[in-house]
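So this block is protein.tsv, TSV, C-alpha atoms:
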```tsv
chain	number	residue	atom	x	y	z
A	15	MET	CA	-12.80	15.86	-6.84
A	16	LYS	CA	-10.60	13.03	-5.57
A	17	LYS	CA	-10.11	13.44	-1.82
A	18	VAL	CA	-6.76	12.95	-0.08
A	19	LEU	CA	-6.19	13.14	3.67
A	20	VAL	CA	-3.08	15.21	4.49
A	21	LEU	CA	-1.96	14.58	8.09
A	22	GLU	CA	0.97	16.90	8.85
A	23	ASP	CA	1.44	18.95	12.03
A	24	GLU	CA	3.78	21.56	10.48
A	25	ALA	CA	1.50	24.13	8.86
A	26	GLY	CA	4.10	25.26	6.29
A	27	ILE	CA	4.76	21.76	5.00
A	28	ARG	CA	1.05	20.93	5.02
A	29	SER	CA	0.27	24.05	2.97
A	30	PHE	CA	2.98	23.09	0.46
A	31	VAL	CA	1.56	19.57	0.07
A	32	VAL	CA	-2.04	20.84	-0.14
A	33	MET	CA	-1.17	23.42	-2.79
A	34	ASN	CA	0.55	20.87	-5.03
A	35	LEU	CA	-2.20	18.27	-4.62
A	36	ARG	CA	-4.78	20.88	-5.67
A	37	ARG	CA	-2.69	21.63	-8.75
A	38	GLY	CA	-2.78	17.90	-9.48
A	39	GLY	CA	-6.58	17.83	-9.41
A	40	TYR	CA	-7.11	16.56	-5.86
A	41	GLU	CA	-9.18	17.84	-2.95
A	42	PRO	CA	-6.92	17.76	0.13
A	43	ILE	CA	-8.57	17.20	3.51
A	44	GLU	CA	-6.26	18.64	6.19
A	45	ALA	CA	-5.42	17.39	9.68
A	46	GLY	CA	-2.70	18.46	12.12
A	47	THR	CA	-3.07	15.69	14.72
A	48	GLY	CA	-4.00	12.04	14.80
A	49	ALA	CA	-7.29	12.91	16.51
A	50	GLU	CA	-8.16	15.38	13.75
A	51	ALA	CA	-7.31	12.74	11.14
A	52	TYR	CA	-9.82	10.28	12.62
A	53	VAL	CA	-12.51	13.00	12.66
A	54	GLN	CA	-11.83	13.88	9.02
A	55	MET	CA	-11.95	10.24	7.94
A	56	GLN	CA	-15.34	9.92	9.61
A	57	ALA	CA	-16.58	13.12	7.98
A	58	HIS	CA	-15.23	12.18	4.54
A	59	PRO	CA	-15.73	8.42	4.03
A	60	ASP	CA	-14.93	8.85	0.32
A	61	ILE	CA	-11.24	9.59	1.05
A	62	LYS	CA	-9.27	6.97	-0.86
A	63	VAL	CA	-5.66	8.00	-0.11
A	64	ALA	CA	-4.06	9.25	3.12
A	65	LEU	CA	-0.67	10.97	3.50
A	66	LEU	CA	0.55	10.46	7.07
A	67	ASP	CA	3.44	12.24	8.76
A	68	ILE	CA	5.19	10.13	11.41
A	69	MET	CA	6.04	12.75	14.05
A	70	LEU	CA	2.78	14.12	15.49
A	71	PRO	CA	1.96	16.02	18.70
A	72	ASP	CA	-0.58	13.52	20.08
A	73	THR	CA	0.52	10.16	18.63
A	74	ASP	CA	2.68	8.90	15.78
A	75	GLY	CA	1.92	8.15	12.15
A	76	PHE	CA	2.54	4.43	12.63
A	77	GLU	CA	-0.33	4.19	15.12
A	78	VAL	CA	-2.61	6.24	12.87
A	79	CYS	CA	-1.66	3.96	9.98
A	80	ARG	CA	-2.52	0.83	11.98
A	81	ASN	CA	-5.91	2.23	12.97
A	82	LEU	CA	-6.83	3.46	9.50
A	83	ARG	CA	-5.73	0.22	7.93
A	84	ALA	CA	-7.79	-1.82	10.41
A	85	ALA	CA	-10.84	0.30	9.61
A	86	ASN	CA	-10.37	0.26	5.83
A	87	PRO	CA	-8.06	-2.29	4.17
A	88	LYS	CA	-8.61	-0.66	0.76
A	89	LEU	CA	-7.41	2.81	1.80
A	90	GLY	CA	-4.20	3.89	0.06
A	91	ILE	CA	-1.63	5.04	2.64
A	92	ILE	CA	1.65	6.89	2.09
A	93	MET	CA	3.92	7.63	5.06
A	94	ILE	CA	5.76	10.96	4.94
A	95	SER	CA	8.65	11.69	7.28
A	96	ALA	CA	12.02	13.35	7.66
A	97	LYS	CA	13.31	10.03	8.94
A	98	SER	CA	15.29	8.15	6.33
A	99	GLN	CA	16.53	5.16	8.33
A	100	GLU	CA	15.78	1.78	6.78
A	101	MET	CA	14.02	0.59	9.95
A	102	ASP	CA	11.52	3.46	9.81
A	103	LYS	CA	10.63	2.57	6.22
A	104	VAL	CA	10.14	-1.09	7.07
A	105	THR	CA	8.09	-0.20	10.17
A	106	GLY	CA	5.81	2.05	8.14
A	107	LEU	CA	5.23	-0.60	5.50
A	108	MET	CA	4.71	-3.39	8.02
A	109	THR	CA	2.06	-1.36	9.88
A	110	GLY	CA	0.05	-1.24	6.66
A	111	ALA	CA	1.38	1.62	4.53
A	112	ASP	CA	1.53	1.19	0.75
A	113	ASP	CA	4.41	3.58	0.18
A	114	TYR	CA	6.95	5.77	1.98
A	115	VAL	CA	8.25	9.23	0.99
A	116	THR	CA	11.15	10.92	2.77
A	117	LYS	CA	11.40	14.68	3.25
A	118	PRO	CA	12.49	16.66	1.39
A	119	PHE	CA	10.54	15.42	-1.63
A	120	SER	CA	9.59	17.00	-4.93
A	121	PRO	CA	5.94	17.88	-5.54
A	122	VAL	CA	6.08	15.97	-8.83
A	123	GLU	CA	7.24	12.82	-7.05
A	124	LEU	CA	4.58	13.06	-4.34
A	125	THR	CA	1.76	13.66	-6.85
A	126	ALA	CA	2.97	10.71	-8.94
A	127	ARG	CA	2.85	8.45	-5.87
A	128	VAL	CA	-0.69	9.63	-5.07
A	129	ASP	CA	-1.73	9.12	-8.72
A	130	ALA	CA	-0.46	5.54	-8.64
A	131	LEU	CA	-2.38	4.74	-5.44
A	132	PHE	CA	-5.58	6.26	-6.81
A	133	ARG	CA	-5.33	4.07	-9.91
A	134	ARG	CA	-5.14	0.98	-7.70
A	135	THR	CA	-7.98	1.99	-5.39
A	136	GLY	CA	-10.13	2.71	-8.42
A	137	GLY	CA	-9.99	-0.89	-9.58
A	138	GLU	CA	-8.74	-2.48	-12.76
A	139	SER	CA	-10.27	-4.36	-15.66
A	140	GLU	CA	-9.94	-8.10	-15.36
A	141	GLY	CA	-10.27	-10.86	-17.93
A	142	GLN	CA	-11.34	-13.45	-15.37
A	143	SER	CA	-13.68	-12.82	-12.47
A	144	GLU	CA	-12.01	-15.46	-10.27
A	145	LEU	CA	-8.62	-17.11	-9.88
A	146	GLN	CA	-8.50	-20.29	-7.80
A	147	HIS	CA	-5.41	-22.23	-6.73
A	148	GLY	CA	-5.49	-24.77	-3.94
A	149	PRO	CA	-7.23	-23.27	-0.89
A	150	PHE	CA	-7.18	-19.74	-2.36
A	151	LEU	CA	-9.92	-17.93	-4.28
A	152	LEU	CA	-9.16	-14.46	-5.66
A	153	ASN	CA	-12.25	-12.55	-6.79
A	154	THR	CA	-11.10	-9.94	-9.30
A	155	LYS	CA	-14.41	-8.10	-9.42
A	156	ASN	CA	-14.64	-7.20	-5.75
A	157	ARG	CA	-10.87	-7.54	-5.24
A	158	THR	CA	-11.02	-10.01	-2.36
A	159	LEU	CA	-9.06	-13.10	-1.34
A	160	GLU	CA	-10.32	-16.16	0.53
A	161	LYS	CA	-8.41	-19.11	1.95
A	162	ASN	CA	-10.52	-22.18	2.68
A	163	GLY	CA	-13.59	-19.94	2.52
A	164	GLU	CA	-12.22	-17.43	5.05
A	165	ARG	CA	-11.74	-13.83	3.92
A	166	ILE	CA	-8.19	-12.45	4.16
A	167	ARG	CA	-8.03	-8.66	4.48
A	168	LEU	CA	-5.65	-7.22	1.89
A	169	THR	CA	-4.44	-3.73	1.12
A	170	GLN	CA	-4.72	-2.59	-2.50
A	171	VAL	CA	-1.00	-3.19	-3.00
A	172	GLU	CA	-1.22	-6.68	-1.48
A	173	TYR	CA	-4.19	-7.49	-3.70
A	174	SER	CA	-2.30	-6.34	-6.80
A	175	ILE	CA	0.69	-8.52	-5.93
A	176	MET	CA	-1.54	-11.53	-5.23
A	177	HIS	CA	-3.32	-11.04	-8.55
A	178	MET	CA	-0.02	-10.82	-10.37
A	179	LEU	CA	1.32	-13.99	-8.71
A	180	MET	CA	-1.85	-16.09	-9.00
A	181	ASP	CA	-2.34	-15.05	-12.62
A	182	SER	CA	1.07	-16.59	-13.47
A	183	PRO	CA	1.40	-19.74	-11.32
A	184	GLY	CA	4.87	-21.28	-11.41
A	185	LYS	CA	6.35	-18.29	-13.27
A	186	ALA	CA	9.31	-16.56	-11.64
A	187	LEU	CA	8.57	-12.83	-11.43
A	188	SER	CA	11.47	-10.47	-10.89
A	189	ARG	CA	11.30	-7.88	-8.13
A	190	GLU	CA	11.72	-5.20	-10.82
A	191	GLU	CA	8.74	-6.59	-12.76
A	192	ILE	CA	6.55	-6.62	-9.64
A	193	LEU	CA	7.62	-3.07	-8.77
A	194	SER	CA	6.88	-1.77	-12.26
A	195	THR	CA	3.49	-3.51	-12.54
A	196	VAL	CA	2.18	-2.76	-9.06
A	197	TRP	CA	3.70	0.65	-8.30
A	198	GLY	CA	3.95	1.91	-11.88
A	199	LYS	CA	6.79	2.36	-14.37
A	200	GLU	CA	7.50	5.88	-13.14
A	201	TYR	CA	7.89	4.81	-9.50
A	202	ALA	CA	11.16	6.16	-8.08
A	203	GLY	CA	11.24	4.19	-4.84
A	204	GLU	CA	13.37	1.24	-3.79
A	205	LEU	CA	13.03	-2.47	-4.58
A	206	LYS	CA	12.90	-3.07	-0.82
A	207	ILE	CA	9.22	-2.12	-0.86
A	208	VAL	CA	8.49	-5.32	-2.83
A	209	ASP	CA	10.21	-7.50	-0.24
A	210	VAL	CA	8.39	-5.87	2.67
A	211	ASN	CA	5.00	-6.34	1.01
A	212	ILE	CA	5.81	-9.97	0.23
A	213	ARG	CA	6.69	-10.42	3.91
A	214	ARG	CA	3.34	-8.90	4.89
A	215	LEU	CA	1.50	-11.17	2.48
A	216	ARG	CA	3.25	-14.27	3.80
A	217	ILE	CA	2.21	-13.40	7.35
A	218	LYS	CA	-1.40	-13.21	6.14
A	219	ILE	CA	-1.64	-16.23	3.85
A	220	GLU	CA	1.03	-18.78	4.76
A	221	ASP	CA	0.54	-21.56	7.33
A	222	ASP	CA	4.10	-20.82	8.42
A	223	ALA	CA	5.41	-17.46	7.23
A	224	ALA	CA	8.99	-18.45	8.10
A	225	ASN	CA	8.74	-21.44	5.76
A	226	PRO	CA	6.47	-20.29	2.93
A	227	THR	CA	4.93	-22.81	0.56
A	228	TYR	CA	2.70	-20.54	-1.54
A	229	ILE	CA	4.83	-17.46	-2.28
A	230	THR	CA	8.29	-18.86	-2.78
A	231	THR	CA	11.56	-17.01	-3.26
A	232	VAL	CA	13.60	-17.31	-6.44
A	233	TRP	CA	16.97	-16.43	-4.96
A	234	GLY	CA	18.70	-13.46	-6.56
A	235	PHE	CA	15.71	-12.79	-8.81
A	236	GLY	CA	12.27	-12.47	-7.26
A	237	TYR	CA	9.23	-14.57	-6.33
A	238	LYS	CA	6.77	-17.06	-7.73
A	239	TRP	CA	3.39	-18.56	-6.88
A	240	GLY	CA	3.58	-22.31	-6.57
A	241	PHE	CA	2.94	-25.21	-4.23
```
Same coordinates, now as structure tokens:
Amino acid sequence: MKKVLVLEDEAGIRSFVVMNLRRGGYEPIEAGTGAEAYVQMQAHPDIKVALLDIMLPDTDGFEVCRNLRAANPKLGIIMISAKSQEMDKVTGLMTGADDYVTKPFSPVELTARVDALFRRTGGESEGQSELQHGPFLLNTKNRTLEKNGERIRLTQVEYSIMHMLMDSPGKALSREEILSTVWGKEYAGELKIVDVNIRRLRIKIEDDAANPTYITTVWGFGYKWGF
């Protein structure tokens, strides 16, 4: 069974999520507080996706996200909250989340988001084992990125975007194309998620994130890899 951490302090909502994940073929691992979530992650190291509520009794989901991401860059993380403000979405994504779902949500939508993250954490078949451009080396077998020999920790979403960009150097990729390829054709979220992940990537790989030279913007269209 594919394990999913469900961190939600409201028992009714947690039961609803757990029930629908089980119907989708997953094994939900439940937690009602941030402290319980850390214990469950230790007890179940094979958890590949975590659903994190933001409002918790002992901490907040952003802090849990930061800690889980620091411990495991390959963990798939979806933030779940009643908050719908744009700033909350950006904050969640910038702290390391891969996706953001706002309550109320449909069980079909949530399961589809989890399915998409599981596909990415499970790896993908690659034609080449390495892609190298300038100071960067992307290893497509172990899904890692190095710059001048130094490892850069990437989330699964960040890796997928980097692979897409480095596999088509100089080609302008639309935001819609990136969204469809990385998040899946059935993804119902906003294009903004692409921009936030590009911002995160620039912070990690650029010498000056405010003046990027590797991931450049094609105004009104998308992004390209080129220097």
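Here the question is which of A:Gly39, A:Gly240, A:Gly163, A:Gly234 gets nearest to Met180 of chain A using all atoms listed in the file, and that residue is A:Gly240.
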Give the answer as one residue: which of A:Tyr237, A:Arg216, A:Val31, A:Ala25 has the shortest atom-to-atom distance to Ser120 of chain A, using only C-alpha atoms? A:Val31
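Going from atom CA of Lys103 of chain A to atom CA of Glu44 of chain A covers 23.3 Å.
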Name the residues in contact with segment 181-184 of chain A at a cut-off of 10 Å, using only C-alpha atoms, excluding same-chain residues fewer than 6 positions from it; report them as a ChimeraX atom specification. /A:142,144-147,152,175,228-230,237-241
d(atom CA of Ile212 of chain A, atom CA of Ile61 of chain A) in Å: 26.0 Å
